[in-house]
>>> print(open('upload38.pdb').read())   # PDB, C-alpha atoms
ATOM      1  CA  ARG N   1      30.255  36.680 -16.546
ATOM      2  CA  GLN N   2      29.535  32.964 -16.063
ATOM      3  CA  ARG N   3      30.185  32.357 -19.774
ATOM      4  CA  GLN N   4      33.550  34.144 -19.576
ATOM      5  CA  MET N   5      34.524  31.919 -16.657
ATOM      6  CA  CYS N   6      33.642  28.792 -18.676
ATOM      7  CA  ILE N   7      35.740  30.022 -21.613
ATOM      8  CA  ARG N   8      38.696  30.794 -19.351
ATOM      9  CA  ASP N   9      38.332  27.467 -17.511
ATOM     10  CA  ARG N  10      38.366  25.433 -20.732
ATOM     11  CA  TYR N  11      41.340  27.378 -22.119
ATOM     12  CA  ASN N  12      43.282  27.038 -18.847
ATOM     13  CA  GLY N  13      42.395  23.353 -18.592
ATOM     14  CA  ILE N  14      43.653  22.630 -22.090
ATOM     15  CA  MET N  15      46.848  24.600 -21.409
ATOM     16  CA  ALA N  16      47.410  22.588 -18.217
ATOM     17  CA  LEU N  17      47.028  19.300 -20.128
ATOM     18  CA  LYS N  18      49.391  20.555 -22.835
ATOM     19  CA  GLU N  19      52.062  21.227 -20.215
ATOM     20  CA  LYS N  20      51.420  18.093 -18.129
ATOM     21  CA  TYR N  21      51.729  15.745 -21.114
ATOM     22  CA  SER N  22      54.130  17.875 -23.222
ATOM     23  CA  VAL N  23      51.642  17.832 -26.087
ATOM     24  CA  PRO N  24      52.956  19.469 -29.266
ATOM     25  CA  MET N  25      50.183  21.957 -29.939
ATOM     26  CA  THR N  26      49.458  25.651 -30.057
ATOM     27  CA  VAL N  27      46.453  26.846 -28.059
ATOM     28  CA  TYR N  28      45.428  30.317 -29.155
ATOM     29  CA  PRO N  29      44.225  32.866 -26.576
ATOM     30  CA  THR N  30      40.537  33.606 -26.993
ATOM     31  CA  CYS N  31      37.709  35.879 -25.969
ATOM     32  CA  THR N  32      35.206  33.880 -28.021
ATOM     33  CA  ASN N  33      33.079  30.877 -27.104
ATOM     34  CA  PHE N  34      35.643  28.389 -28.404
ATOM     35  CA  VAL N  35      39.279  27.356 -28.052
ATOM     36  CA  TYR N  36      41.269  27.181 -31.295
ATOM     37  CA  ILE N  37      44.155  24.704 -31.422
ATOM     38  CA  LYS N  38      46.790  23.710 -33.970
ATOM     39  CA  THR N  39      48.340  20.265 -33.610
ATOM     40  CA  ASP N  40      49.516  17.361 -35.713
ATOM     41  CA  LEU N  41      47.160  15.262 -33.572
ATOM     42  CA  SER N  42      44.021  17.107 -34.691
ATOM     43  CA  LYS N  43      42.452  14.134 -36.506
ATOM     44  CA  GLU N  44      43.250  11.722 -33.674
ATOM     45  CA  ILE N  45      41.866  14.119 -31.051
ATOM     46  CA  THR N  46      38.701  14.685 -33.086
ATOM     47  CA  ASP N  47      38.181  10.926 -33.549
ATOM     48  CA  PHE N  48      38.803  10.137 -29.871
ATOM     49  CA  LEU N  49      36.387  12.804 -28.695
ATOM     50  CA  ALA N  50      33.786  11.569 -31.203
ATOM     51  CA  GLU N  51      34.172   8.029 -29.811
ATOM     52  CA  ASN N  52      33.273   9.578 -26.462
ATOM     53  CA  SER N  53      30.211  11.409 -27.839
ATOM     54  CA  ILE N  54      31.913  14.813 -27.997
ATOM     55  CA  ALA N  55      31.773  16.703 -31.284
ATOM     56  CA  ILE N  56      34.399  19.294 -32.141
ATOM     57  CA  ARG N  57      35.239  21.037 -35.388
ATOM     58  CA  LEU N  58      38.164  19.740 -37.474
ATOM     59  CA  PHE N  59      39.716  22.135 -39.983
ATOM     60  CA  LYS N  60      42.436  21.739 -42.595
ATOM     61  CA  ASP N  61      46.116  21.909 -41.748
ATOM     62  CA  GLY N  62      45.848  20.564 -38.206
ATOM     63  CA  TYR N  63      43.421  23.020 -36.636
ATOM     64  CA  ILE N  64      40.556  22.116 -34.315
ATOM     65  CA  ARG N  65      37.951  24.226 -32.563
ATOM     66  CA  ILE N  66      36.466  23.193 -29.245
ATOM     67  CA  SER N  67      33.406  25.195 -28.234
ATOM     68  CA  THR N  68      32.858  26.028 -24.603
ATOM     69  CA  GLY N  69      29.845  24.694 -22.811
ATOM     70  CA  THR N  70      28.592  24.549 -19.289
ATOM     71  CA  GLU N  71      30.956  24.008 -16.398
ATOM     72  CA  GLN N  72      29.998  20.292 -16.357
ATOM     73  CA  GLU N  73      30.470  19.938 -20.137
ATOM     74  CA  ASN N  74      33.894  21.575 -19.899
ATOM     75  CA  LYS N  75      34.873  19.168 -17.138
ATOM     76  CA  ILE N  76      33.877  16.171 -19.267
ATOM     77  CA  VAL N  77      35.796  17.438 -22.306
ATOM     78  CA  LEU N  78      38.917  17.974 -20.218
ATOM     79  CA  GLU N  79      38.602  14.502 -18.652
ATOM     80  CA  VAL N  80      38.323  12.866 -22.080
ATOM     81  CA  LEU N  81      41.230  14.911 -23.443
ATOM     82  CA  GLU N  82      43.313  13.826 -20.468
ATOM     83  CA  LYS N  83      42.539  10.172 -21.245
ATOM     84  CA  PHE N  84      43.670  10.760 -24.834
ATOM     85  CA  PHE N  85      46.931  12.457 -23.844
ATOM     86  CA  ALA N  86      47.657   9.836 -21.161
ATOM     87  CA  LYS N  87      47.351   7.115 -23.829
ATOM     88  CA  LEU N  88      50.076   8.839 -25.850
ATOM     89  CA  GLY N  89      52.538   8.164 -23.076
TER      90      GLY N  89
END
>>> encode(input="upload38.pdb", output="structure tokens")
Amino acid sequence: RQRQMCIRDRYNGIMALKEKYSVPMTVYPTCTNFVYIKTDLSKEITDFLAENSIAIRLFKDGYIRISTGTEQENKIVLEVLEKFFAKLG
């Protein structure tokens, strides 16, 4: 149950950032332990998160996979993503 809440929280958090910053990306609904995203910014997002000590999985054709973690880890990922999107303008 706790794990499902973390998955839902990360998905909802990413969706909120997408809407707040009008980020061109597709966030796929999930019941797994990761959020799967397609965006032209996949490489830039991956690099920015890596600069902030967060590893995510980069795939071909603009896909990234962000695994869910603890509530605190999810909060940190969302904070760093928000910094990235805010920099875009």
>>> resolve_selection(input="upload38.pdb", expression="the PyMOL selection byres ((chain N and resi 63-65) around 7)", output="compact mmCIF listing (two decimals) with C-alpha atoms, in the frame of the given file")
# COMPACT_ATOMS: atom_id res chain seq x y z
CA PHE N 34 35.64 28.39 -28.40
CA VAL N 35 39.28 27.36 -28.05
CA TYR N 36 41.27 27.18 -31.30
CA ILE N 37 44.16 24.70 -31.42
CA LYS N 38 46.79 23.71 -33.97
CA THR N 39 48.34 20.26 -33.61
CA SER N 42 44.02 17.11 -34.69
CA ILE N 56 34.40 19.29 -32.14
CA ARG N 57 35.24 21.04 -35.39
CA LEU N 58 38.16 19.74 -37.47
CA PHE N 59 39.72 22.14 -39.98
CA LYS N 60 42.44 21.74 -42.60
CA ASP N 61 46.12 21.91 -41.75
CA GLY N 62 45.85 20.56 -38.21
CA ILE N 66 36.47 23.19 -29.24
CA SER N 67 33.41 25.20 -28.23
>>> axis_aligned_box(input="upload38.pdb", around="range 51-54 of chain N", padding_each_side="6 Å", output="AutoDock Vina command-line options")
--center_x 32.2 --center_y 11.4 --center_z -28.1 --size_x 16.0 --size_y 18.8 --size_z 15.3
>>> residues_around(input="upload38.pdb", residues="Val80 in chain N", least_positions_apart="5", cutoff="12 Å", atoms="only C-alpha atoms", output="list in words")
Gly13, Ile14, Leu17, Ile45, Thr46, Asp47, Phe48, Leu49, Ala50, Glu51, Asn52, Ser53, Ile54, Ala55, Glu73, Asn74, Lys75, Phe85, Ala86 and Lys87 of chain N
>>> closest_residue(input="upload38.pdb", among="N:Thr68, N:Ile76, N:Leu41, N:Glu82", to="Ala16 in chain N", atoms="only C-alpha atoms")
N:Glu82
>>> atom_distance(input="upload38.pdb", atom1="CA of Asp40 in chain N", atom2="CA of Pro24 in chain N")
7.6 Å
>>> atom_distance(input="upload38.pdb", atom1="CA of Glu71 in chain N", atom2="CA of Glu44 in chain N")
24.5 Å
>>> atom_distance(input="upload38.pdb", atom1="CA of Glu79 in chain N", atom2="CA of Arg8 in chain N")
16.3 Å
>>> closest_residue(input="upload38.pdb", among="N:Cys6, N:Thr30, N:Thr70, N:Leu78", to="Lys18 in chain N", atoms="all atoms listed in the file")
N:Leu78
